[in-house]
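Next comes work_27.json, with JSON, C-alpha atoms.
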[["chain", "number", "residue", "atom", "x", "y", "z"],
["G", 2, "MET", "CA", -20.75, -45.04, -28.84],
["G", 3, "THR", "CA", -20.03, -46.43, -25.36],
["G", 4, "SER", "CA", -16.95, -48.66, -25.15],
["G", 5, "VAL", "CA", -17.03, -52.19, -23.72],
["G", 6, "GLY", "CA", -14.75, -51.06, -20.89],
["G", 7, "ALA", "CA", -17.07, -48.19, -20.02],
["G", 8, "ARG", "CA", -20.08, -50.49, -19.96],
["G", 9, "VAL", "CA", -18.31, -52.90, -17.60],
["G", 10, "SER", "CA", -17.36, -50.04, -15.26],
["G", 11, "ALA", "CA", -20.84, -48.55, -15.44],
["G", 12, "LEU", "CA", -22.44, -51.81, -14.40],
["G", 13, "ARG", "CA", -20.01, -52.16, -11.46],
["G", 14, "PRO", "CA", -20.30, -55.76, -10.23],
["G", 15, "PRO", "CA", -21.57, -56.07, -6.66],
["G", 16, "TRP", "CA", -18.43, -57.89, -5.47],
["G", 17, "LEU", "CA", -16.14, -54.98, -6.35],
["G", 18, "PRO", "CA", -15.17, -53.10, -3.15],
["G", 19, "ALA", "CA", -15.06, -49.33, -2.81],
["G", 20, "GLY", "CA", -11.86, -47.80, -4.14],
["G", 21, "TYR", "CA", -11.62, -50.10, -7.15],
["G", 22, "GLY", "CA", -12.92, -50.13, -10.68],
["G", 23, "CYS", "CA", -12.98, -52.78, -13.39],
["G", 24, "ARG", "CA", -13.16, -52.93, -17.15],
["G", 25, "ALA", "CA", -12.67, -55.26, -20.08],
["G", 26, "ALA", "CA", -9.17, -55.45, -21.51],
["G", 27, "THR", "CA", -8.27, -54.20, -24.98],
["G", 28, "THR", "CA", -5.21, -54.65, -27.17],
["G", 29, "ALA", "CA", -3.85, -51.40, -25.72],
["G", 30, "ASP", "CA", -3.62, -53.12, -22.31],
["G", 31, "VAL", "CA", -1.27, -55.98, -23.26],
["G", 32, "ASP", "CA", 1.90, -54.25, -22.01],
["G", 33, "ALA", "CA", 0.19, -53.20, -18.79],
["G", 34, "ILE", "CA", -1.03, -56.77, -18.22],
["G", 35, "HIS", "CA", 2.50, -58.07, -18.75],
["G", 36, "HIS", "CA", 3.81, -55.59, -16.16],
["G", 37, "LEU", "CA", 1.11, -56.76, -13.75],
["G", 38, "VAL", "CA", 2.04, -60.42, -14.30],
["G", 39, "ALA", "CA", 5.75, -59.58, -13.85],
["G", 40, "ALA", "CA", 5.03, -57.73, -10.59],
["G", 41, "TYR", "CA", 2.94, -60.64, -9.30],
["G", 42, "GLU", "CA", 5.65, -63.20, -10.16],
["G", 43, "SER", "CA", 8.41, -61.03, -8.70],
["G", 44, "ALA", "CA", 6.50, -60.72, -5.44],
["G", 45, "LEU", "CA", 6.08, -64.51, -5.23],
["G", 46, "HIS", "CA", 9.33, -65.79, -6.72],
["G", 47, "GLY", "CA", 11.78, -62.90, -6.71],
["G", 48, "ARG", "CA", 11.80, -62.62, -10.51],
["G", 49, "PRO", "CA", 9.36, -62.55, -13.43],
["G", 50, "THR", "CA", 9.11, -65.80, -15.38],
["G", 51, "THR", "CA", 6.46, -65.11, -18.04],
["G", 52, "GLY", "CA", 7.78, -63.47, -21.20],
["G", 53, "ALA", "CA", 5.75, -61.01, -23.22],
["G", 54, "ASP", "CA", 5.40, -63.40, -26.15],
["G", 55, "GLN", "CA", 4.31, -66.24, -23.86],
["G", 56, "LEU", "CA", 1.66, -64.00, -22.34],
["G", 57, "ALA", "CA", 0.44, -63.10, -25.82],
["G", 58, "THR", "CA", -0.16, -66.78, -26.63],
["G", 59, "GLU", "CA", -2.00, -67.42, -23.34],
["G", 60, "LEU", "CA", -4.04, -64.24, -23.05],
["G", 61, "SER", "CA", -7.62, -64.10, -24.26],
["G", 62, "LEU", "CA", -8.43, -60.39, -24.55],
["G", 63, "PRO", "CA", -12.17, -60.88, -25.22],
["G", 64, "GLY", "CA", -12.27, -62.83, -21.96],
["G", 65, "THR", "CA", -10.10, -60.64, -19.72],
["G", 66, "LEU", "CA", -11.30, -58.46, -16.85],
["G", 67, "LEU", "CA", -8.94, -55.90, -15.31],
["G", 68, "VAL", "CA", -9.26, -54.42, -11.82],
["G", 69, "HIS", "CA", -7.63, -51.05, -11.02],
["G", 70, "ASP", "CA", -7.42, -48.85, -7.97],
["G", 71, "ASP", "CA", -8.62, -45.24, -7.81],
["G", 72, "ALA", "CA", -5.27, -44.07, -9.20],
["G", 73, "GLY", "CA", -5.79, -46.23, -12.28],
["G", 74, "ARG", "CA", -3.08, -48.78, -11.40],
["G", 75, "LEU", "CA", -3.83, -52.38, -12.35],
["G", 76, "VAL", "CA", -3.93, -54.52, -9.23],
["G", 77, "ALA", "CA", -5.68, -57.69, -10.42],
["G", 78, "CYS", "CA", -6.86, -59.45, -13.53],
["G", 79, "CYS", "CA", -8.53, -62.62, -14.71],
["G", 80, "TRP", "CA", -8.90, -64.18, -18.12],
["G", 81, "VAL", "CA", -10.85, -67.15, -19.35],
["G", 82, "LYS", "CA", -9.91, -69.21, -22.40],
["G", 83, "GLY", "CA", -12.05, -72.28, -22.96],
["G", 84, "ARG", "CA", -11.90, -74.41, -19.83],
["G", 85, "ARG", "CA", -8.83, -72.63, -18.50],
["G", 86, "ALA", "CA", -8.55, -69.42, -16.52],
["G", 87, "ARG", "CA", -5.80, -67.41, -14.93],
["G", 88, "LEU", "CA", -6.42, -65.18, -11.93],
["G", 89, "LEU", "CA", -3.96, -63.01, -10.05],
["G", 90, "VAL", "CA", -4.20, -60.34, -7.37],
["G", 91, "LEU", "CA", -1.21, -58.32, -6.25],
["G", 92, "PRO", "CA", -0.15, -58.61, -2.60],
["G", 93, "GLY", "CA", -1.58, -55.69, -0.66],
["G", 94, "HIS", "CA", -4.96, -56.05, -2.36],
["G", 95, "ARG", "CA", -5.88, -59.57, -1.28],
["G", 96, "GLU", "CA", -7.85, -58.62, 1.81],
["G", 97, "ARG", "CA", -10.63, -57.05, -0.25],
["G", 98, "ASP", "CA", -12.12, -60.26, -1.69],
["G", 99, "LEU", "CA", -11.03, -59.34, -5.21],
["G", 100, "GLY", "CA", -10.00, -62.96, -5.77],
["G", 101, "SER", "CA", -13.43, -64.31, -4.84],
["G", 102, "GLY", "CA", -15.19, -61.84, -7.10],
["G", 103, "LEU", "CA", -12.92, -62.56, -10.05],
["G", 104, "LEU", "CA", -13.30, -66.31, -9.57],
["G", 105, "ASP", "CA", -17.10, -65.99, -9.62],
["G", 106, "TRP", "CA", -16.80, -63.88, -12.77],
["G", 107, "ALA", "CA", -14.56, -66.50, -14.43],
["G", 108, "GLU", "CA", -16.91, -69.36, -13.58],
["G", 109, "THR", "CA", -19.92, -67.46, -14.91],
["G", 110, "ARG", "CA", -18.14, -66.59, -18.13],
["G", 111, "ALA", "CA", -16.93, -70.16, -18.68],
["G", 112, "ARG", "CA", -20.36, -71.59, -17.94],
["G", 113, "ARG", "CA", -22.09, -69.22, -20.36],
["G", 114, "ALA", "CA", -19.56, -70.21, -23.04],
["G", 115, "GLY", "CA", -20.62, -73.84, -22.63],
["G", 116, "SER", "CA", -17.74, -75.16, -20.50],
["G", 117, "ASP", "CA", -18.65, -77.84, -17.99],
["G", 118, "ARG", "CA", -15.53, -77.35, -15.87],
["G", 119, "LEU", "CA", -12.87, -74.77, -15.11],
["G", 120, "ALA", "CA", -9.17, -75.23, -14.34],
["G", 121, "LEU", "CA", -6.68, -72.73, -12.95],
["G", 122, "THR", "CA", -2.93, -73.08, -12.50],
["G", 123, "VAL", "CA", -1.66, -71.62, -9.24],
["G", 124, "SER", "CA", 1.87, -71.29, -7.93],
["G", 125, "ASP", "CA", 2.43, -73.44, -4.87],
["G", 126, "ALA", "CA", 3.87, -70.30, -3.25],
["G", 127, "ASP", "CA", 0.55, -68.44, -3.59],
["G", 128, "HIS", "CA", -1.11, -69.70, -0.42],
["G", 129, "ALA", "CA", -3.94, -67.16, -0.62],
["G", 130, "ALA", "CA", -4.95, -68.35, -4.10],
["G", 131, "ILE", "CA", -4.75, -72.00, -3.04],
["G", 132, "ALA", "CA", -7.02, -71.33, -0.06],
["G", 133, "LEU", "CA", -9.48, -69.49, -2.32],
["G", 134, "LEU", "CA", -9.72, -72.40, -4.75],
["G", 135, "ARG", "CA", -10.02, -75.05, -2.05],
["G", 136, "THR", "CA", -12.80, -73.07, -0.39],
["G", 137, "GLY", "CA", -14.49, -72.84, -3.80],
["G", 138, "GLY", "CA", -14.54, -76.63, -4.21],
["G", 139, "TYR", "CA", -11.56, -77.01, -6.54],
["G", 140, "SER", "CA", -9.43, -80.13, -6.33],
["G", 141, "ARG", "CA", -5.87, -80.86, -7.40],
["G", 142, "LEU", "CA", -5.51, -82.16, -10.94],
["G", 143, "VAL", "CA", -1.78, -82.22, -11.77],
["G", 144, "THR", "CA", 1.46, -80.78, -10.43],
["G", 145, "GLU", "CA", 3.80, -78.75, -12.64],
["G", 146, "TRP", "CA", 7.50, -78.14, -12.04],
["G", 147, "LEU", "CA", 9.85, -75.50, -13.42],
["G", 148, "LEU", "CA", 13.22, -77.21, -13.69],
["G", 149, "GLU", "CA", 16.61, -75.62, -14.26],
["G", 150, "ILE", "CA", 20.14, -76.67, -15.08],
["G", 151, "ALA", "CA", 23.24, -74.52, -14.71],
["G", 152, "LEU", "CA", 25.56, -74.42, -17.72],
["G", 153, "PRO", "CA", 28.91, -73.11, -16.41],
["G", 154, "HIS", "CA", 30.83, -75.22, -18.92],
["G", 155, "GLU", "CA", 30.07, -76.51, -22.38],
["G", 156, "PRO", "CA", 28.36, -79.86, -21.83],
["G", 157, "ASP", "CA", 29.37, -83.09, -23.50],
["G", 158, "VAL", "CA", 26.67, -84.43, -25.79],
["G", 159, "PRO", "CA", 26.21, -88.20, -25.95],
["G", 160, "ASP", "CA", 26.12, -89.85, -29.34],
["G", 161, "PRO", "CA", 22.63, -90.69, -30.63],
["G", 162, "PRO", "CA", 21.64, -94.36, -30.68],
["G", 163, "ALA", "CA", 22.36, -96.47, -33.74],
["G", 164, "GLY", "CA", 20.26, -95.56, -36.77],
["G", 165, "ILE", "CA", 19.43, -92.07, -35.46],
["G", 166, "THR", "CA", 20.81, -88.79, -36.78],
["G", 167, "VAL", "CA", 20.48, -85.44, -35.00],
["G", 168, "ARG", "CA", 20.50, -81.98, -36.57],
["G", 169, "PRO", "CA", 19.11, -78.51, -35.79],
["G", 170, "PHE", "CA", 15.53, -77.64, -36.71],
["G", 171, "ARG", "CA", 15.25, -76.10, -40.16],
["G", 172, "HIS", "CA", 12.61, -74.61, -42.41],
["G", 173, "GLY", "CA", 10.31, -77.35, -43.65],
["G", 174, "ASP", "CA", 10.31, -79.29, -40.36],
["G", 175, "GLU", "CA", 7.19, -77.57, -39.04],
["G", 176, "GLN", "CA", 4.53, -80.11, -40.03],
["G", 177, "ALA", "CA", 6.61, -83.11, -38.96],
["G", 178, "ALA", "CA", 7.35, -81.47, -35.60],
["G", 179, "TYR", "CA", 3.67, -80.65, -35.13],
["G", 180, "GLN", "CA", 2.62, -84.24, -35.86],
["G", 181, "LEU", "CA", 5.32, -85.66, -33.60],
["G", 182, "THR", "CA", 4.71, -83.43, -30.58],
["G", 183, "GLU", "CA", 0.92, -83.60, -30.76],
["G", 184, "ASP", "CA", 1.02, -87.40, -31.10],
["G", 185, "ALA", "CA", 3.25, -87.57, -28.02],
["G", 186, "PHE", "CA", 1.16, -85.11, -26.02],
["G", 187, "ASP", "CA", -2.10, -86.87, -26.92],
["G", 188, "GLU", "CA", -1.31, -89.25, -24.08],
["G", 189, "TRP", "CA", -2.02, -86.61, -21.44],
["G", 190, "GLN", "CA", -3.27, -83.33, -22.94],
["G", 191, "PRO", "CA", -7.05, -82.69, -22.87],
["G", 192, "ARG", "CA", -7.35, -81.99, -26.59],
["G", 193, "ARG", "CA", -5.27, -81.92, -29.74],
["G", 194, "LYS", "CA", -4.24, -78.48, -30.99],
["G", 195, "THR", "CA", -4.74, -77.36, -34.55],
["G", 196, "TYR", "CA", -1.57, -76.65, -36.48],
["G", 197, "ALA", "CA", -2.23, -72.89, -36.32],
["G", 198, "GLU", "CA", -2.66, -72.98, -32.54],
["G", 199, "TRP", "CA", 0.42, -75.17, -32.06],
["G", 200, "ALA", "CA", 2.54, -72.92, -34.28],
["G", 201, "ARG", "CA", 1.55, -69.81, -32.32],
["G", 202, "HIS", "CA", 2.96, -71.44, -29.20],
["G", 203, "THR", "CA", 6.14, -72.74, -30.85],
["G", 204, "VAL", "CA", 7.68, -72.12, -34.27],
["G", 205, "GLU", "CA", 5.88, -68.83, -35.01],
["G", 206, "ARG", "CA", 6.92, -67.16, -31.77],
["G", 207, "ALA", "CA", 9.48, -64.41, -32.21],
["G", 208, "THR", "CA", 11.66, -66.11, -29.60],
["G", 209, "PHE", "CA", 11.74, -69.53, -31.29],
["G", 210, "LEU", "CA", 15.40, -70.56, -31.70],
["G", 211, "PRO", "CA", 16.02, -73.21, -34.39],
["G", 212, "ALA", "CA", 19.74, -73.42, -33.48],
["G", 213, "ALA", "CA", 18.79, -74.74, -30.02],
["G", 214, "SER", "CA", 15.95, -76.92, -31.32],
["G", 215, "PRO", "CA", 17.50, -80.25, -32.39],
["G", 216, "VAL", "CA", 15.49, -82.98, -34.07],
["G", 217, "ALA", "CA", 16.17, -86.72, -34.31],
["G", 218, "LEU", "CA", 15.63, -88.64, -37.54],
["G", 219, "ALA", "CA", 15.33, -92.33, -38.30],
["G", 220, "GLY", "CA", 15.96, -92.25, -42.01],
["G", 221, "ASP", "CA", 13.70, -89.45, -43.27],
["G", 222, "ARG", "CA", 11.18, -89.72, -40.42],
["G", 223, "MET", "CA", 11.32, -87.34, -37.46],
["G", 224, "VAL", "CA", 11.21, -89.40, -34.27],
["G", 225, "GLY", "CA", 12.26, -86.83, -31.68],
["G", 226, "ALA", "CA", 12.36, -83.07, -31.22],
["G", 227, "VAL", "CA", 13.27, -80.42, -28.67],
["G", 228, "LEU", "CA", 11.81, -76.98, -29.45],
["G", 229, "SER", "CA", 13.47, -74.09, -27.64],
["G", 230, "LEU", "CA", 12.98, -70.37, -27.05],
["G", 231, "ASP", "CA", 15.46, -67.60, -26.33],
["G", 232, "VAL", "CA", 13.42, -65.19, -24.22],
["G", 233, "PRO", "CA", 14.78, -61.62, -24.07],
["G", 234, "GLY", "CA", 15.49, -60.29, -20.60],
["G", 235, "HIS", "CA", 15.53, -63.69, -18.90],
["G", 236, "GLY", "CA", 19.19, -64.45, -19.52],
["G", 237, "GLU", "CA", 18.39, -68.16, -19.73],
["G", 238, "GLY", "CA", 17.49, -70.69, -22.38],
["G", 239, "TYR", "CA", 14.05, -72.24, -22.31],
["G", 240, "VAL", "CA", 12.86, -75.58, -23.70],
["G", 241, "GLU", "CA", 9.23, -75.34, -24.78],
["G", 242, "ARG", "CA", 8.62, -78.90, -26.07],
["G", 243, "VAL", "CA", 10.27, -82.31, -25.73],
["G", 244, "ALA", "CA", 8.82, -85.25, -27.65],
["G", 245, "VAL", "CA", 9.93, -88.69, -28.83],
["G", 246, "ARG", "CA", 7.82, -91.14, -30.83],
["G", 247, "ARG", "CA", 6.46, -93.90, -28.65],
["G", 248, "ASP", "CA", 8.21, -96.67, -30.64],
["G", 249, "HIS", "CA", 11.60, -94.94, -30.23],
["G", 250, "ARG", "CA", 11.49, -94.21, -26.50],
["G", 251, "ASP", "CA", 13.90, -95.53, -23.86],
["G", 252, "ARG", "CA", 16.79, -95.38, -26.34],
["G", 253, "GLY", "CA", 18.40, -92.16, -25.07],
["G", 254, "ILE", "CA", 17.04, -89.93, -27.84],
["G", 255, "ALA", "CA", 15.52, -87.33, -25.51],
["G", 256, "ARG", "CA", 18.71, -87.20, -23.47],
["G", 257, "THR", "CA", 20.84, -86.54, -26.57],
["G", 258, "LEU", "CA", 18.45, -83.87, -27.86],
["G", 259, "LEU", "CA", 18.32, -82.06, -24.54],
["G", 260, "TRP", "CA", 22.09, -81.98, -24.19],
["G", 261, "GLU", "CA", 22.31, -80.63, -27.75],
["G", 262, "ALA", "CA", 19.92, -77.83, -26.77],
["G", 263, "PHE", "CA", 21.82, -77.12, -23.55],
["G", 264, "ARG", "CA", 25.10, -76.91, -25.47],
["G", 265, "ALA", "CA", 23.58, -74.51, -27.99],
["G", 266, "PHE", "CA", 22.40, -72.23, -25.17],
["G", 267, "HIS", "CA", 25.79, -72.37, -23.47],
["G", 268, "ARG", "CA", 27.45, -71.31, -26.73],
["G", 269, "ARG", "CA", 25.07, -68.33, -26.84],
["G", 270, "GLY", "CA", 26.27, -67.26, -23.41],
["G", 271, "ARG", "CA", 23.25, -68.50, -21.47],
["G", 272, "PRO", "CA", 24.31, -69.61, -17.97],
["G", 273, "ALA", "CA", 21.28, -71.86, -17.46],
["G", 274, "CYS", "CA", 18.33, -73.47, -19.17],
["G", 275, "THR", "CA", 14.83, -74.13, -17.85],
["G", 276, "LEU", "CA", 11.75, -76.11, -18.82],
["G", 277, "TRP", "CA", 8.32, -76.95, -17.42],
["G", 278, "THR", "CA", 6.96, -80.44, -17.01],
["G", 279, "HIS", "CA", 4.05, -81.88, -15.09],
["G", 280, "SER", "CA", 2.98, -85.07, -13.41],
["G", 281, "GLY", "CA", 0.89, -86.22, -16.38],
["G", 282, "THR", "CA", 3.94, -86.64, -18.63],
["G", 283, "GLY", "CA", 5.97, -88.92, -16.35],
["G", 284, "ALA", "CA", 9.13, -87.12, -17.55],
["G", 285, "LEU", "CA", 10.32, -85.65, -14.25],
["G", 286, "SER", "CA", 12.71, -88.54, -13.52],
["G", 287, "LEU", "CA", 14.41, -88.06, -16.92],
["G", 288, "TYR", "CA", 15.15, -84.41, -16.21],
["G", 289, "VAL", "CA", 16.40, -85.16, -12.70],
["G", 290, "ARG", "CA", 18.79, -87.79, -14.11],
["G", 291, "LEU", "CA", 20.19, -85.11, -16.41],
["G", 292, "GLY", "CA", 21.02, -83.01, -13.36],
["G", 293, "MET", "CA", 18.08, -80.61, -13.50],
["G", 294, "THR", "CA", 16.59, -79.40, -10.22],
["G", 295, "VAL", "CA", 13.19, -77.97, -9.32],
["G", 296, "ARG", "CA", 13.16, -74.18, -9.10],
["G", 297, "ARG", "CA", 9.47, -73.92, -8.23],
["G", 298, "SER", "CA", 6.18, -75.74, -8.65],
["G", 299, "SER", "CA", 2.55, -75.05, -9.46],
["G", 300, "THR", "CA", -0.66, -77.03, -9.24],
["G", 301, "VAL", "CA", -3.61, -77.17, -11.61],
["G", 302, "TYR", "CA", -6.91, -77.05, -9.73],
["G", 303, "CYS", "CA", -10.20, -77.99, -11.36],
["G", 304, "ARG", "CA", -13.91, -78.17, -10.56],
["G", 305, "ALA", "CA", -17.08, -79.05, -12.39],
["G", 306, "LEU", "CA", -19.39, -76.15, -13.21],
["G", 307, "VAL", "CA", -23.08, -76.43, -12.48],
["G", 308, "THR", "CA", -25.12, -75.13, -15.39],
["G", 309, "ASP", "CA", -27.67, -72.38, -14.81]]
Entire entry expressed as structure tokens:
Amino acid sequence: MTSVGARVSALRPPWLPAGYGCRAATTADVDAIHHLVAAYESALHGRPTTGADQLATELSLPGTLLVHDDAGRLVACCWVKGRRARLLVLPGHRERDLGSGLLDWAETRARRAGSDRLALTVSDADHAAIALLRTGGYSRLVTEWLLEIALPHEPDVPDPPAGITVRPFRHGDEQAAYQLTEDAFDEWQPRRKTYAEWARHTVERATFLPAASPVALAGDRMVGAVLSLDVPGHGEGYVERVAVRRDHRDRGIARTLLWEAFRAFHRRGRPACTLWTHSGTGALSLYVRLGMTVRRSSTVYCRALVTD
């Protein structure tokens, strides 16, 4: 029986230049894809920023196309998941129109799956990718920032506001945290996640760290939460989610929870902590007031897809 990868290579799309091959990804390729992503990020930013477990939650293997050179080395890839896609081409291979071909492939795949638009997140340092998307009719949707804070000393944690108690995340908090964070994110995210999907990105990840994931309670009701990860090899803490119920905002709850998380990471020997936010949340000013600074930024580009 002919494999999917062999069929893709045998068909050889017309945009693929001489000296390259392509195939569909399989589960055996996950480590190789992570190495490719790490090499791409290191070339742009001086260090990899996507952990293996994060990649596993983002990657859609049935919708991933890999491009390799004649020596079999991966040099580019693209995956499509719903209305979102990720496309990367290693420096040194960008003059061969691999990006254009992969973008056409992504749009075709998304369109055939019934999507009426496609969005891609691109580092603001990747000028070649930005030019490709602009030429293809994509427009800016939102800006994302990776923020960081150095933790050379154990930080002081402010007291929570009156009527609020703070404690670390514990078993049994999962459903309340899901409800809280999805309610908060409903204000700007395109769709609500199912519990299973949310859990894969948060509490079921191997790197989820309850000790650095404080929650705020008003009586028995969870009104705030910070969910954190301890990613191996990064040497830093990472905050995955920050949420406060709408009727408890502007009371300093998020500030207290974040400082609790920062202190927990400092006690684990982490010299810094990072988190992502974007312009749709309106939270950037909060993080800046805490002393966080922007390490790098990305932009989400989007365009409508014309149906066949």
Query - Contact residues around G:Pro272 with only C-alpha atoms at 12 Å, ignoring same-chain residues under 2 positions, as a ChimeraX atom specification - result: /G:149-156,235-239,263-270,274-275
May I have the residues within 12 Å of G:Leu285 as a PDB file with C-alpha atoms, in the frame of the given file, using only C-alpha atoms and disregarding those fewer than 6 positions away in the same chain?
ATOM      1  CA  THR G 144       1.460 -80.780 -10.430  1.00  0.00           C
ATOM      2  CA  GLU G 145       3.800 -78.750 -12.640  1.00  0.00           C
ATOM      3  CA  TRP G 146       7.500 -78.140 -12.040  1.00  0.00           C
ATOM      4  CA  LEU G 147       9.850 -75.500 -13.420  1.00  0.00           C
ATOM      5  CA  LEU G 148      13.220 -77.210 -13.690  1.00  0.00           C
ATOM      6  CA  GLU G 149      16.610 -75.620 -14.260  1.00  0.00           C
ATOM      7  CA  VAL G 243      10.270 -82.310 -25.730  1.00  0.00           C
ATOM      8  CA  LEU G 276      11.750 -76.110 -18.820  1.00  0.00           C
ATOM      9  CA  TRP G 277       8.320 -76.950 -17.420  1.00  0.00           C
ATOM     10  CA  THR G 278       6.960 -80.440 -17.010  1.00  0.00           C
ATOM     11  CA  HIS G 279       4.050 -81.880 -15.090  1.00  0.00           C
ATOM     12  CA  LEU G 291      20.190 -85.110 -16.410  1.00  0.00           C
ATOM     13  CA  GLY G 292      21.020 -83.010 -13.360  1.00  0.00           C
ATOM     14  CA  MET G 293      18.080 -80.610 -13.500  1.00  0.00           C
ATOM     15  CA  THR G 294      16.590 -79.400 -10.220  1.00  0.00           C
ATOM     16  CA  VAL G 295      13.190 -77.970  -9.320  1.00  0.00           C
TER      17      VAL G 295
END
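The space between atom CA of G:Ala177 and atom CA of G:Pro162 spans 20.5 Å.
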Using all atoms listed in the file, tabulate the residues of stretch 227-309 of chain G lying at most 10 Å from any atom of stretch 181-188 of chain G, each with its closest atom pair and that distance in Å to one decimal, by chain and increasing residue number, as JSON lines.
{"residue": "G:Val227", "atom": "CA", "partner": "G:Thr182", "partner_atom": "CA", "distance": 9.3}
{"residue": "G:Leu228", "atom": "CA", "partner": "G:Thr182", "partner_atom": "CA", "distance": 9.7}
{"residue": "G:Arg242", "atom": "CA", "partner": "G:Thr182", "partner_atom": "CA", "distance": 7.5}
{"residue": "G:Val243", "atom": "CA", "partner": "G:Thr182", "partner_atom": "CA", "distance": 7.5}
{"residue": "G:Ala244", "atom": "CA", "partner": "G:Thr182", "partner_atom": "CA", "distance": 5.4}
{"residue": "G:Val245", "atom": "CA", "partner": "G:Ala185", "partner_atom": "CA", "distance": 6.8}
{"residue": "G:Arg246", "atom": "CA", "partner": "G:Ala185", "partner_atom": "CA", "distance": 6.4}
{"residue": "G:Arg247", "atom": "CA", "partner": "G:Ala185", "partner_atom": "CA", "distance": 7.1}
{"residue": "G:Gly281", "atom": "CA", "partner": "G:Glu188", "partner_atom": "CA", "distance": 8.6}
{"residue": "G:Thr282", "atom": "CA", "partner": "G:Glu188", "partner_atom": "CA", "distance": 8.0}
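Nearest to G:Met223 of all the residues G:Tyr41, G:Phe170, G:Tyr288, G:Tyr139 is G:Phe170, based on all atoms listed in the file.
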Report task. Would you kindly identify which residues have an atom no farther than 12 Å from (-12.8, -60.4, -3.4), using only C-alpha atoms and the file's own coordinates, and write them out as a PyMOL selection string? Result -> chain G and resi 14-19+21+68+77-78+88-90+94-106+129-130+133
Report summary line: re atom CA of G:Ser116 and atom CA of G:Leu67: distance 21.8 Å
Report task. Skip G:Leu142 itself and residues of its chain fewer than 4 positions away, then list as number ranges by chain all residues within 10 Å of it, counting all atoms listed in the file. Result -> G: 120-122, 280-281, 300-304
Query raised in the report: Which residue gives the smallest distance to G:Glu42 among G:Asp231, G:Glu108, G:Glu198, G:Asp125, with all atoms listed in the file counted?
Result: G:Asp125
Report task. Counting all atoms listed in the file, write as a PyMOL selection string all protein and nucleic acid residues lying at most 12 Å from (24.2, -92.9, -30.4) in the file's frame. Result -> chain G and resi 158-167+217-219+252-258
Report task. Have a look at G:Ala72, G:Leu230, G:Val224, G:Ala114 and name the one nearest to G:Thr203; count all atoms listed in the file. Result -> G:Leu230
